[in-house]
Amino acid sequence: MNELKIEDLSCKRGESKVLNNINLTIKSGETLVVKGRNGSGKTTLLRILSNFITSYQGKVSLNDLSILEDNLYNNKFNLIGQKNSLKDNLSIKKNLELWDIIFNETLDHAKLLEHDNLDRLINRDVGSLSDGQKKCISLYRLNYNKYEFWFLDEPFVYLDEVNTNSLIEKINRFNENMGIVILTSNINLPKKFHKEVNI
Amino acid sequence: MLNLIKRDLLLSFYSSANFFFTVSFFVLILILIPFAFGTQSDQLTNLFKGVVWIALALSIIITVDRIYNADYEDGNLDIIMQKNKTIEYLVISKYVTHWFIYCLPLLVILPILSFLFYLDYLETIQIFINLFIGSFGMVFIANFVSALTLGAKRTIFLKAIIMIPLFVPFIIFGSDAGSWPILLGLSMLSFVISIYVTAYGLRLYGE
């Protein structure tokens with residue numbers, strides 16, 4: 001059972017304060033939706049949780065151990081940022097092969113893409129895909145298995161209704177397996193998740 | 001670290017055009033020498049020893065955007081940095097792949113080029129040793145310039161202006177046959193400074 005706790009978290013970006021005294025607790029099996037206006041600090045919060053931003057006030061801890069001191073923490077989360085992490089000049093297949101090496105896990109791409117109805121595109125260059133298709137491929141990284149947390153930055157942007165529902169289903173399954181999801185979103189989702197916070 | 005080396009080598013294999021551009025660029029610069037200075041053997045041999053360093057420096061400068069910027073722009077750098085918590089290992093693996101992909105091919109074709117410029121066997125070996133040692137130092141410099149200018153777009157001229165003065169000691173000592181110990185010292189100094197500054201630049205990006 002994991003418990004991710006954010007206590008009195010404040011953070012400045014340049015001269016402006018983007019996060020001000022945030023207090024949150026999220027437990028295994030829960031999803032937290034972070035909402036807020038543009039520039040309110042949603043992405044900053046995810047980058048703090050992902051240990052990219054380390055200069056902030058307050059404390060972020062996993063099971064009472066600060067994430068800055070937990071050497072294994074970086075192997076526990078899967079961060080899907082707003083950028084797709086895809087090489088436009090390479091085919092989907094080649095991009096996935098490169099991810100396999102970074103994630104140190106070989107997936108059955110044909111089978112998984114078939115499930116997402118993307119298998120027919122496997123040899124197409126990423127540059128020729130629509131933004132929605134690129135987003136779907138970007139979210140394909142959620143198939144890498146070893147993670148206890150998903151941090152998703154605006155995952156529903158560009159997705160159509162079918163793919164939005166498919167992602168919600170994936171999040172539910174991950175929650176059922178006691179995974180924690182923290183996602184940022186500014187759109188009204190068709191499903192209520194466990195927790196929602198406005199920053 | 002090994003995963004990242006494997007990934008970068010595979011990526012360069014998939015984007016092999018970049019690799020061929022660099023090698024072609026290097027060869028073309030050297031081929032221009034006889035057009036400008038004639039084909040007298042003594043003159044060509046002397047010119048080659050200096051111009052080969054300028055060609056190497058320019059070839060490294062045109063590759064500098066591919067070290068970190070490409071991964072930064074598409075978002076892969078986030079994944080890579082997350083998987084490699086010790087950033088210094090990440091930096092070392094970038095040194096290895098950058099040298100392997102963009103410098104090793106230039107060293108491999110060097111004997112063929114030196115034959116065209118009337119260099120004898122001994123001179124070719126001396127230039128090869130100097131370039132081998134000096135190219136590492138230049139790669140170390142290119143890495144930290146790339147890391148410090150992360151996110152800045154269309155800054156190849158800025159990078160060139162930063163890098164060229166730092167390459168000057170290599171060019172001065174590189175054309176002298178017996179100066180490999182000095183080049184080794186310069187490369188080691190570049191390594192010590194570069195690994196610290198590159199890691200700092202990448203951490204800064206993360207913030």
# chains A, B, ... in the order shown; residues from 1 in each chain; ligands from 1
call {"tool": "closest_atom_pairs", "arguments": {"of": "chain B", "to": "chain A", "cutoff": "12 Å", "atoms": "only C-alpha atoms", "output": "tab-separated table"}}
result
residue	atom	partner	partner_atom	distance
B:Met1	CA	A:Ile102	CA	9.7
B:Leu2	CA	A:Ile101	CA	9.7
B:Asn3	CA	A:Ile101	CA	6.0
B:Leu4	CA	A:Ile102	CA	6.5
B:Ile5	CA	A:Ile101	CA	9.7
B:Lys6	CA	A:Ile101	CA	7.4
B:Arg7	CA	A:Leu98	CA	5.8
B:Asp8	CA	A:Leu98	CA	8.5
B:Leu9	CA	A:Leu98	CA	10.1
B:Leu10	CA	A:Leu98	CA	7.5
B:Leu11	CA	A:Leu98	CA	7.3
B:Ser12	CA	A:Leu98	CA	11.0
B:Phe13	CA	A:Lys94	CA	10.7
B:Tyr14	CA	A:Leu90	CA	7.4
B:Ser15	CA	A:Leu90	CA	7.8
B:Ser16	CA	A:Leu90	CA	11.2
B:Ala17	CA	A:Asn89	CA	11.1
B:Asn18	CA	A:Asn89	CA	11.8
B:Ala70	CA	A:Lys87	CA	8.7
B:Asp71	CA	A:Ser85	CA	7.8
B:Tyr72	CA	A:Ser85	CA	8.8
B:Glu73	CA	A:Lys83	CA	8.1
B:Asp74	CA	A:Ser85	CA	4.8
B:Gly75	CA	A:Ser85	CA	4.3
B:Asn76	CA	A:Ser85	CA	4.7
B:Leu77	CA	A:Ser85	CA	8.2
B:Asp78	CA	A:Gly81	CA	8.3
B:Ile79	CA	A:Leu79	CA	7.6
B:Ile80	CA	A:Ile102	CA	6.9
B:Met81	CA	A:Phe52	CA	8.6
B:Gln82	CA	A:Asn74	CA	6.1
B:Lys83	CA	A:Asn74	CA	7.0
B:Asn84	CA	A:Asn74	CA	8.7
B:Lys85	CA	A:Asn74	CA	7.2
B:Thr86	CA	A:Asn71	CA	10.2
B:Ile87	CA	A:Phe52	CA	11.7
B:Leu90	CA	A:Ile102	CA	11.9
B:Leu202	CA	A:Phe52	CA	10.2
B:Arg203	CA	A:Phe52	CA	7.8
B:Leu204	CA	A:Ile53	CA	9.0
B:Tyr205	CA	A:Phe52	CA	8.6
B:Gly206	CA	A:Phe52	CA	4.8
B:Glu207	CA	A:Ile53	CA	4.4
call {"tool": "write_last_selection", "arguments": {"atoms": "C-alpha atoms", "output": "CSV table (one decimal), in the first residue's frame"}}
result
chain,number,residue,atom,x,y,z
B,1,MET,CA,24.1,3.6,-19.3
B,2,LEU,CA,24.5,0.7,-21.7
B,3,ASN,CA,20.8,1.0,-22.7
B,4,LEU,CA,21.3,4.6,-23.6
B,5,ILE,CA,24.4,3.8,-25.7
B,6,LYS,CA,22.4,1.0,-27.5
B,7,ARG,CA,19.4,3.3,-28.0
B,8,ASP,CA,21.5,6.1,-29.4
B,9,LEU,CA,23.4,3.8,-31.8
B,10,LEU,CA,20.2,2.4,-33.0
B,11,LEU,CA,18.7,5.9,-33.5
B,12,SER,CA,21.7,6.9,-35.5
B,13,PHE,CA,21.4,3.8,-37.6
B,14,TYR,CA,17.7,4.6,-38.3
B,15,SER,CA,18.6,8.2,-39.1
B,16,SER,CA,21.7,7.3,-41.0
B,17,ALA,CA,21.4,10.4,-43.3
B,18,ASN,CA,22.8,12.6,-40.5
B,70,ALA,CA,16.7,16.6,-30.6
B,71,ASP,CA,15.7,14.6,-27.6
B,72,TYR,CA,14.7,17.7,-25.7
B,73,GLU,CA,12.5,19.0,-28.4
B,74,ASP,CA,10.5,15.8,-28.8
B,75,GLY,CA,10.3,15.0,-25.1
B,76,ASN,CA,12.5,11.9,-25.0
B,77,LEU,CA,15.0,13.7,-22.8
B,78,ASP,CA,12.5,13.6,-19.9
B,79,ILE,CA,12.3,9.8,-20.2
B,80,ILE,CA,16.0,9.4,-20.5
B,81,MET,CA,16.7,11.6,-17.5
B,82,GLN,CA,14.1,9.8,-15.5
B,83,LYS,CA,15.7,6.4,-16.3
B,84,ASN,CA,19.2,7.6,-15.6
B,85,LYS,CA,19.1,9.2,-12.2
B,86,THR,CA,22.8,9.6,-12.1
B,87,ILE,CA,23.1,12.3,-14.8
B,90,LEU,CA,24.0,9.8,-19.0
B,202,LEU,CA,20.9,19.1,-17.8
B,203,ARG,CA,19.8,19.5,-14.2
B,204,LEU,CA,19.1,23.2,-15.0
B,205,TYR,CA,16.9,22.0,-17.9
B,206,GLY,CA,15.0,19.6,-15.5
B,207,GLU,CA,14.2,22.5,-13.2
call {"tool": "select_by_dssp", "arguments": {"residues": "range 15-176 of chain A", "states": "strand (DSSP E or B)", "output": "short mmCIF file (atom, residue, chain, number, x, y, z; two decimals) with C-alpha atoms, in the first residue's frame"}}
result
data_model
loop_
_atom_site.label_atom_id
_atom_site.label_comp_id
_atom_site.auth_asym_id
_atom_site.auth_seq_id
_atom_site.Cartn_x
_atom_site.Cartn_y
_atom_site.Cartn_z
CA SER A 16 5.93 34.30 -9.86
CA LYS A 17 4.61 31.81 -7.36
CA VAL A 18 2.81 29.03 -9.20
CA LEU A 19 2.02 26.65 -6.35
CA ASN A 20 0.94 27.97 -2.98
CA ASN A 21 0.64 25.75 0.07
CA ILE A 22 -0.69 22.63 -1.63
CA ASN A 23 -1.66 19.78 0.69
CA LEU A 24 -2.73 16.46 -0.79
CA THR A 25 -2.68 12.79 0.06
CA ILE A 26 -3.25 10.06 -2.46
CA LYS A 27 -3.31 6.34 -1.77
CA THR A 31 -6.74 8.75 -9.23
CA LEU A 32 -6.26 12.45 -8.63
CA VAL A 33 -7.34 14.93 -11.28
CA VAL A 34 -5.50 18.25 -11.03
CA LYS A 35 -7.40 21.14 -12.56
CA GLN A 57 9.22 24.64 -0.29
CA GLY A 58 7.33 21.96 1.57
CA LYS A 59 7.61 18.21 1.43
CA VAL A 60 6.64 15.47 -0.99
CA SER A 61 6.93 12.00 0.48
CA LEU A 62 6.16 8.45 -0.48
CA LEU A 65 10.16 9.05 2.94
CA SER A 66 10.95 12.23 0.98
CA PHE A 77 6.57 6.18 -11.91
CA ASN A 78 5.76 6.53 -15.57
CA LEU A 79 5.51 10.16 -16.70
CA ILE A 80 3.67 11.02 -19.91
CA SER A 91 8.12 4.95 -38.25
CA ASP A 125 6.31 7.74 -40.30
CA PHE A 149 2.38 5.56 -10.41
CA TRP A 150 1.27 7.21 -13.61
CA PHE A 151 1.77 10.95 -13.94
CA LEU A 152 -0.17 12.12 -16.98
CA ASP A 153 0.02 15.70 -18.22
#
call {"tool": "select_by_dssp", "arguments": {"residues": "range 4-192 of chain A", "states": "helix (DSSP H, G or I)", "output": "VMD selection string"}}
result
chain A and resid 42 to 49 73 to 75 92 to 103 109 to 115 119 to 121 126 to 128 131 to 143 161 to 176
call {"tool": "write_last_selection", "arguments": {"atoms": "C-alpha atoms", "output": "CSV table (one decimal), in the first residue's frame"}}
result
chain,number,residue,atom,x,y,z
A,42,LYS,CA,-0.3,21.8,-13.0
A,43,THR,CA,2.7,20.8,-15.1
A,44,THR,CA,5.1,22.2,-12.4
A,45,LEU,CA,3.3,19.9,-9.8
A,46,LEU,CA,3.9,16.8,-12.0
A,47,ARG,CA,7.5,17.8,-12.6
A,48,ILE,CA,8.0,18.1,-8.8
A,49,LEU,CA,6.4,14.7,-8.3
A,73,TYR,CA,11.5,6.4,-6.5
A,74,ASN,CA,12.5,7.2,-10.2
A,75,ASN,CA,11.8,3.6,-11.1
A,92,ILE,CA,6.0,4.0,-35.3
A,93,LYS,CA,7.7,0.6,-35.1
A,94,LYS,CA,11.1,2.2,-34.9
A,95,ASN,CA,10.0,4.6,-32.2
A,96,LEU,CA,8.6,1.8,-30.2
A,97,GLU,CA,11.8,-0.2,-30.5
A,98,LEU,CA,13.7,2.8,-29.2
A,99,TRP,CA,11.3,3.0,-26.2
A,100,ASP,CA,11.8,-0.7,-25.5
A,101,ILE,CA,15.5,-0.1,-25.0
A,102,ILE,CA,15.0,2.9,-22.7
A,103,PHE,CA,12.3,1.2,-20.7
A,109,HIS,CA,3.9,-4.2,-30.3
A,110,ALA,CA,1.7,-5.7,-33.0
A,111,LYS,CA,-0.7,-7.2,-30.5
A,112,LEU,CA,-0.9,-4.1,-28.3
A,113,LEU,CA,-1.3,-1.7,-31.3
A,114,GLU,CA,-4.1,-4.0,-32.6
A,115,HIS,CA,-5.9,-3.5,-29.3
A,119,ASP,CA,-1.6,-1.8,-36.0
A,120,ARG,CA,-2.2,-0.8,-39.6
A,121,LEU,CA,-0.1,2.3,-39.1
A,126,VAL,CA,5.2,9.5,-37.2
A,127,GLY,CA,5.4,12.9,-39.0
A,128,SER,CA,2.5,11.9,-41.2
A,131,ASP,CA,-2.1,14.9,-33.5
A,132,GLY,CA,-4.7,12.5,-32.1
A,133,GLN,CA,-2.9,9.5,-33.5
A,134,LYS,CA,0.4,10.8,-32.1
A,135,LYS,CA,-1.2,11.2,-28.7
A,136,CYS,CA,-2.4,7.6,-28.8
A,137,ILE,CA,1.1,6.4,-29.6
A,138,SER,CA,2.5,8.6,-26.9
A,139,LEU,CA,0.1,7.0,-24.4
A,140,TYR,CA,1.3,3.6,-25.6
A,141,ARG,CA,4.0,4.0,-23.0
A,142,LEU,CA,1.5,3.1,-20.3
A,143,ASN,CA,1.8,-0.5,-21.5
A,161,GLU,CA,-14.4,9.9,-27.6
A,162,VAL,CA,-13.4,6.3,-28.2
A,163,ASN,CA,-9.8,6.8,-27.2
A,164,THR,CA,-10.8,9.0,-24.2
A,165,ASN,CA,-13.0,6.1,-23.0
A,166,SER,CA,-10.3,3.6,-23.7
A,167,LEU,CA,-7.8,5.7,-21.6
A,168,ILE,CA,-10.3,6.0,-18.8
A,169,GLU,CA,-10.7,2.2,-18.9
A,170,LYS,CA,-6.9,1.8,-18.7
A,171,ILE,CA,-6.7,4.1,-15.7
A,172,ASN,CA,-9.5,2.2,-14.0
A,173,ARG,CA,-7.7,-1.1,-14.5
A,174,PHE,CA,-4.4,0.4,-13.2
A,175,ASN,CA,-6.3,1.6,-10.1
A,176,GLU,CA,-7.8,-1.8,-9.6
call {"tool": "residues_around", "arguments": {"residues": "range 179-191 of chain B", "least_positions_apart": "5", "cutoff": "10 Å", "atoms": "only C-alpha atoms", "output": "tab-separated table (two decimals) with N, CA and C atoms, in the first residue's frame"}}
result
chain	number	residue	atom	x	y	z
B	92	ILE	N	28.23	10.52	-19.83
B	92	ILE	CA	29.31	9.67	-20.34
B	92	ILE	C	28.82	8.84	-21.53
B	95	TYR	N	28.87	10.96	-24.50
B	95	TYR	CA	30.23	11.12	-25.03
B	95	TYR	C	30.57	9.94	-25.94
B	126	GLN	N	50.87	9.45	-37.16
B	126	GLN	CA	50.98	10.57	-36.21
B	126	GLN	C	49.71	11.43	-36.20
B	127	ILE	N	49.20	11.72	-37.38
B	127	ILE	CA	47.96	12.51	-37.46
B	127	ILE	C	46.80	11.73	-36.85
B	129	ILE	N	46.88	9.46	-34.48
B	129	ILE	CA	46.98	9.45	-33.01
B	129	ILE	C	46.51	10.80	-32.45
B	130	ASN	N	47.00	11.89	-33.05
B	130	ASN	CA	46.59	13.22	-32.58
B	130	ASN	C	45.09	13.42	-32.70
B	131	LEU	N	44.53	13.05	-33.86
B	131	LEU	CA	43.08	13.23	-34.06
B	131	LEU	C	42.28	12.35	-33.10
B	132	PHE	N	42.77	11.14	-32.90
B	132	PHE	CA	42.09	10.20	-32.01
B	132	PHE	C	41.97	10.81	-30.61
B	133	ILE	N	43.08	11.33	-30.11
B	133	ILE	CA	43.08	11.89	-28.75
B	133	ILE	C	42.31	13.21	-28.70
B	134	GLY	N	42.60	14.07	-29.68
B	134	GLY	CA	41.98	15.40	-29.68
B	134	GLY	C	40.48	15.38	-29.92
B	135	SER	N	40.02	14.40	-30.72
B	135	SER	CA	38.59	14.35	-31.04
B	135	SER	C	37.76	14.13	-29.77
B	136	PHE	N	38.31	13.39	-28.81
B	136	PHE	CA	37.58	13.19	-27.54
B	136	PHE	C	37.37	14.52	-26.83
B	137	GLY	N	38.46	15.30	-26.78
B	137	GLY	CA	38.37	16.61	-26.12
B	137	GLY	C	37.32	17.49	-26.78
B	138	MET	N	37.29	17.47	-28.12
B	138	MET	CA	36.32	18.28	-28.85
B	138	MET	C	34.89	17.81	-28.59
B	139	VAL	N	34.73	16.50	-28.48
B	139	VAL	CA	33.39	15.94	-28.18
B	139	VAL	C	32.95	16.37	-26.77
B	140	PHE	N	33.88	16.38	-25.82
B	140	PHE	CA	33.53	16.81	-24.46
B	140	PHE	C	33.04	18.27	-24.48
B	141	ILE	N	33.76	19.10	-25.25
B	141	ILE	CA	33.38	20.52	-25.34
B	141	ILE	C	32.00	20.65	-26.00
B	143	ASN	N	29.60	18.61	-26.04
B	143	ASN	CA	28.54	18.14	-25.15
B	143	ASN	C	28.12	19.22	-24.17
B	144	PHE	N	29.11	19.91	-23.57
B	144	PHE	CA	28.67	20.88	-22.56
B	144	PHE	C	28.04	22.11	-23.21
B	166	LEU	N	37.26	27.52	-28.05
B	166	LEU	CA	37.66	26.40	-27.19
B	166	LEU	C	38.37	25.30	-27.98
B	169	PRO	N	43.07	25.58	-29.02
B	169	PRO	CA	44.26	24.86	-28.53
B	169	PRO	C	44.45	23.50	-29.22
B	170	PHE	N	43.34	22.81	-29.50
B	170	PHE	CA	43.45	21.51	-30.18
B	170	PHE	C	44.00	21.69	-31.59
B	171	ILE	N	43.55	22.75	-32.26
B	171	ILE	CA	44.00	23.00	-33.64
B	171	ILE	C	45.49	23.40	-33.64
B	172	ILE	N	45.89	24.21	-32.64
B	172	ILE	CA	47.29	24.65	-32.57
B	172	ILE	C	48.22	23.45	-32.35
B	173	PHE	N	47.89	22.65	-31.35
B	173	PHE	CA	48.80	21.55	-31.01
B	173	PHE	C	48.58	20.32	-31.90
B	174	GLY	N	47.39	20.21	-32.47
B	174	GLY	CA	47.06	19.01	-33.25
B	174	GLY	C	47.90	18.84	-34.49
B	196	TYR	N	31.13	18.04	-15.45
B	196	TYR	CA	30.48	18.83	-14.41
B	196	TYR	C	29.48	19.82	-15.02
B	197	VAL	N	29.96	20.53	-16.06
B	197	VAL	CA	29.11	21.58	-16.66
B	197	VAL	C	27.92	20.96	-17.41
call {"tool": "decode", "arguments": {"residues": "range 140-170 of chain A", "atoms": "C-alpha atoms", "output": "compact mmCIF listing (two decimals), in the first residue's frame"}}
result
# COMPACT_ATOMS: atom_id res chain seq x y z
CA TYR A 140 1.27 3.55 -25.59
CA ARG A 141 4.05 3.98 -22.99
CA LEU A 142 1.46 3.11 -20.34
CA ASN A 143 1.81 -0.49 -21.52
CA TYR A 144 5.21 -0.68 -19.86
CA ASN A 145 4.36 -2.60 -16.78
CA LYS A 146 6.64 -2.06 -13.89
CA TYR A 147 5.22 1.15 -12.50
CA GLU A 148 3.27 2.00 -9.38
CA PHE A 149 2.38 5.56 -10.41
CA TRP A 150 1.27 7.21 -13.61
CA PHE A 151 1.77 10.95 -13.94
CA LEU A 152 -0.17 12.12 -16.98
CA ASP A 153 0.02 15.70 -18.22
CA GLU A 154 -3.11 16.60 -20.22
CA PRO A 155 -3.55 13.03 -21.49
CA PHE A 156 -7.00 13.63 -23.02
CA VAL A 157 -5.97 16.48 -25.33
CA TYR A 158 -6.52 15.54 -29.02
CA LEU A 159 -8.20 12.24 -28.11
CA ASP A 160 -11.59 11.40 -29.63
CA GLU A 161 -14.44 9.91 -27.59
CA VAL A 162 -13.44 6.30 -28.25
CA ASN A 163 -9.82 6.84 -27.25
CA THR A 164 -10.84 8.96 -24.23
CA ASN A 165 -13.01 6.10 -22.96
CA SER A 166 -10.27 3.60 -23.71
CA LEU A 167 -7.80 5.66 -21.63
CA ILE A 168 -10.29 5.96 -18.76
CA GLU A 169 -10.69 2.19 -18.88
CA LYS A 170 -6.90 1.75 -18.70
